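For reference, the structure discussed in these notes is given below.
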Amino acid sequence: MITSRESCERYLNDCRTGNLREGTIGHYRQSYVRFYKYFDPEMPLSDFCEKDYQNYILHLKSFISNDQSINSYLRDLITTIHFRNKEGWVKPFKMSAIKVDKQQVETYSESELKALLKKPNIKKRALVQIH
């Protein structure tokens, strides 16, 4: 019976054989540290199911206020679980990142855009004075 920790280590080895950068592998390792704060690393994978995944989302939301950070951890876990599915250790189930509300981006006004896009007169050399 394979444990969660063993499957994560095997996934990292799979990443190495796929020539992923060590920085990426280190990022996965950091995600696993967070993962193991919720799940027992020695938990048999046969016990892992969709409900566990959903509860992990709630756990992350209770500690992390930034939805993009939560999604970063979830994407790492989703990728790892897909590897577990491929190896036949975990039955496939639906997983997705959480919805992130996009913040309104301040845009330029019409007159600001015209000023920015105005073609410079390269024949007339003007000195720009900085105040």
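Each chain in the structure tokens gets a letter, A, B and so on, in the order shown; residues start at 1 in every chain, and ligands are counted from 1 in the order they appear.
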
Leaving out A:Asp52 and any residue of its chain fewer than 4 positions from it, which residues lie within 12 Å of it when counting only C-alpha atoms, given as a ChimeraX atom specification? /A:35,38-40,43,45-48,56-59,77,81,93-95

Write to file, as a compact mmCIF listing (two decimals), in the first residue's frame, the residues of the selection just made, with N, CA and C atoms.
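Now in selection-v3.txt:
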```txt
# COMPACT_ATOMS: atom_id res chain seq x y z
N PHE A 35 0.44 20.75 2.49
CA PHE A 35 -0.46 19.60 2.37
C PHE A 35 -0.36 18.71 3.62
N TYR A 38 -2.19 19.33 6.89
CA TYR A 38 -3.60 18.93 6.96
C TYR A 38 -3.75 17.41 6.91
N PHE A 39 -3.04 16.78 6.00
CA PHE A 39 -3.13 15.33 5.82
C PHE A 39 -1.92 14.63 6.42
N ASP A 40 -2.15 13.50 7.01
CA ASP A 40 -1.06 12.67 7.51
C ASP A 40 -0.26 12.16 6.31
N MET A 43 -0.75 8.62 5.37
CA MET A 43 -2.11 8.21 5.02
C MET A 43 -2.06 7.34 3.76
N LEU A 45 -3.04 6.02 0.28
CA LEU A 45 -3.73 6.69 -0.81
C LEU A 45 -5.10 6.11 -1.08
N SER A 46 -5.29 4.86 -0.74
CA SER A 46 -6.60 4.25 -0.96
C SER A 46 -7.68 4.95 -0.16
N ASP A 47 -7.28 5.71 0.87
CA ASP A 47 -8.25 6.44 1.69
C ASP A 47 -8.58 7.83 1.13
N PHE A 48 -7.82 8.29 0.15
CA PHE A 48 -7.99 9.65 -0.37
C PHE A 48 -9.13 9.71 -1.38
N TYR A 56 -9.86 19.95 2.08
CA TYR A 56 -8.57 20.63 2.02
C TYR A 56 -8.75 22.06 1.51
N ILE A 57 -9.64 22.25 0.56
CA ILE A 57 -9.93 23.60 0.07
C ILE A 57 -10.44 24.47 1.22
N LEU A 58 -11.37 23.93 2.00
CA LEU A 58 -11.91 24.68 3.14
C LEU A 58 -10.81 24.98 4.16
N HIS A 59 -9.93 24.02 4.36
CA HIS A 59 -8.79 24.21 5.28
C HIS A 59 -7.91 25.37 4.79
N LEU A 77 -1.51 20.36 -6.03
CA LEU A 77 -2.14 19.12 -5.57
C LEU A 77 -2.87 18.43 -6.72
N ILE A 81 -2.27 14.71 -7.95
CA ILE A 81 -3.36 13.72 -7.95
C ILE A 81 -3.54 13.13 -9.35
N PHE A 93 -11.48 11.77 -9.79
CA PHE A 93 -12.65 12.53 -9.36
C PHE A 93 -12.47 13.96 -9.83
N LYS A 94 -13.55 14.72 -9.79
CA LYS A 94 -13.52 16.09 -10.28
C LYS A 94 -12.77 16.99 -9.32
N MET A 95 -11.82 17.75 -9.88
CA MET A 95 -11.05 18.71 -9.09
C MET A 95 -10.97 20.01 -9.88
```

Show me, as a PyMOL selection string, the residues that have an atom within 10 Å of A:Tyr28 when counting only C-alpha atoms, minus same-chain residues fewer than 5 positions from it. chain A and resi 8+11-12+15+22-23+33+72-73+75-77+79-80

Atoms to include: N, CA and C atoms. Write the selected residues as a CSV table (one decimal), in the first residue's frame.
```
chain,number,residue,atom,x,y,z
A,8,CYS,N,4.1,11.3,-3.4
A,8,CYS,CA,4.7,12.7,-3.7
A,8,CYS,C,6.1,12.6,-4.1
A,11,TYR,N,6.3,11.3,-7.5
A,11,TYR,CA,5.9,12.3,-8.5
A,11,TYR,C,7.1,13.2,-8.7
A,12,LEU,N,7.8,13.6,-7.7
A,12,LEU,CA,9.0,14.5,-7.8
A,12,LEU,C,10.0,13.8,-8.7
A,15,CYS,N,9.0,14.1,-12.1
A,15,CYS,CA,9.3,15.5,-12.6
A,15,CYS,C,10.8,15.6,-13.0
A,22,GLU,N,14.7,22.4,-11.1
A,22,GLU,CA,14.7,22.1,-9.6
A,22,GLU,C,13.9,23.2,-8.9
A,23,GLY,N,13.8,24.4,-9.5
A,23,GLY,CA,12.9,25.4,-8.8
A,23,GLY,C,11.5,25.0,-8.8
A,33,VAL,N,4.6,20.6,2.0
A,33,VAL,CA,4.7,20.9,3.4
A,33,VAL,C,3.3,21.4,3.9
A,72,SER,N,-2.7,28.3,-6.1
A,72,SER,CA,-1.4,27.8,-6.4
A,72,SER,C,-1.2,26.5,-5.7
A,73,TYR,N,-1.6,26.4,-4.4
A,73,TYR,CA,-1.5,25.1,-3.7
A,73,TYR,C,-2.4,24.0,-4.3
A,75,ARG,N,-3.5,23.9,-7.5
A,75,ARG,CA,-2.9,23.4,-8.8
A,75,ARG,C,-1.8,22.4,-8.6
A,76,ASP,N,-1.0,22.6,-7.6
A,76,ASP,CA,0.1,21.6,-7.3
A,76,ASP,C,-0.5,20.3,-6.9
A,77,LEU,N,-1.5,20.4,-6.0
A,77,LEU,CA,-2.1,19.1,-5.6
A,77,LEU,C,-2.9,18.4,-6.7
A,79,THR,N,-2.2,18.5,-9.9
A,79,THR,CA,-1.2,17.9,-10.8
A,79,THR,C,-0.7,16.6,-10.1
A,80,THR,N,-0.4,16.6,-8.8
A,80,THR,CA,0.0,15.4,-8.1
A,80,THR,C,-1.0,14.3,-8.1
```

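Proximity to A:Asp101 at 12 Å, evaluated using only C-alpha atoms and with sequence-adjacent residues fewer than 5 positions away removed, yields Asn66, Asp67 and Gln68 of chain A.
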
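In terms of minimum interatomic distance to A:Ser4, A:Pro41 ranks closest within A:Pro41, A:Gly26, A:Pro120, A:Gly18, counting only C-alpha atoms.
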
Expressed in Å to a single decimal, how great is the separation between atom CA of A:Glu6 and atom CA of A:Lys51?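 Separating atom CA of A:Glu6 from atom CA of A:Lys51 is a distance of 21.2 Å.
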
Taking the DSSP assignment computed from this structure's backbone, write out as a PyMOL selection string all residues of stretch 14-131 of chain A that belong to helix (DSSP H, G or I). chain A and resi 14-17+22-38+45-47+50-63+67-87+110-117

Using only C-alpha atoms: which of A:Ile78, A:Ser109, A:Glu50, A:Lys118 has the shortest distance to A:Lys91: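 Closest to A:Lys91 of all the choices is A:Glu50.
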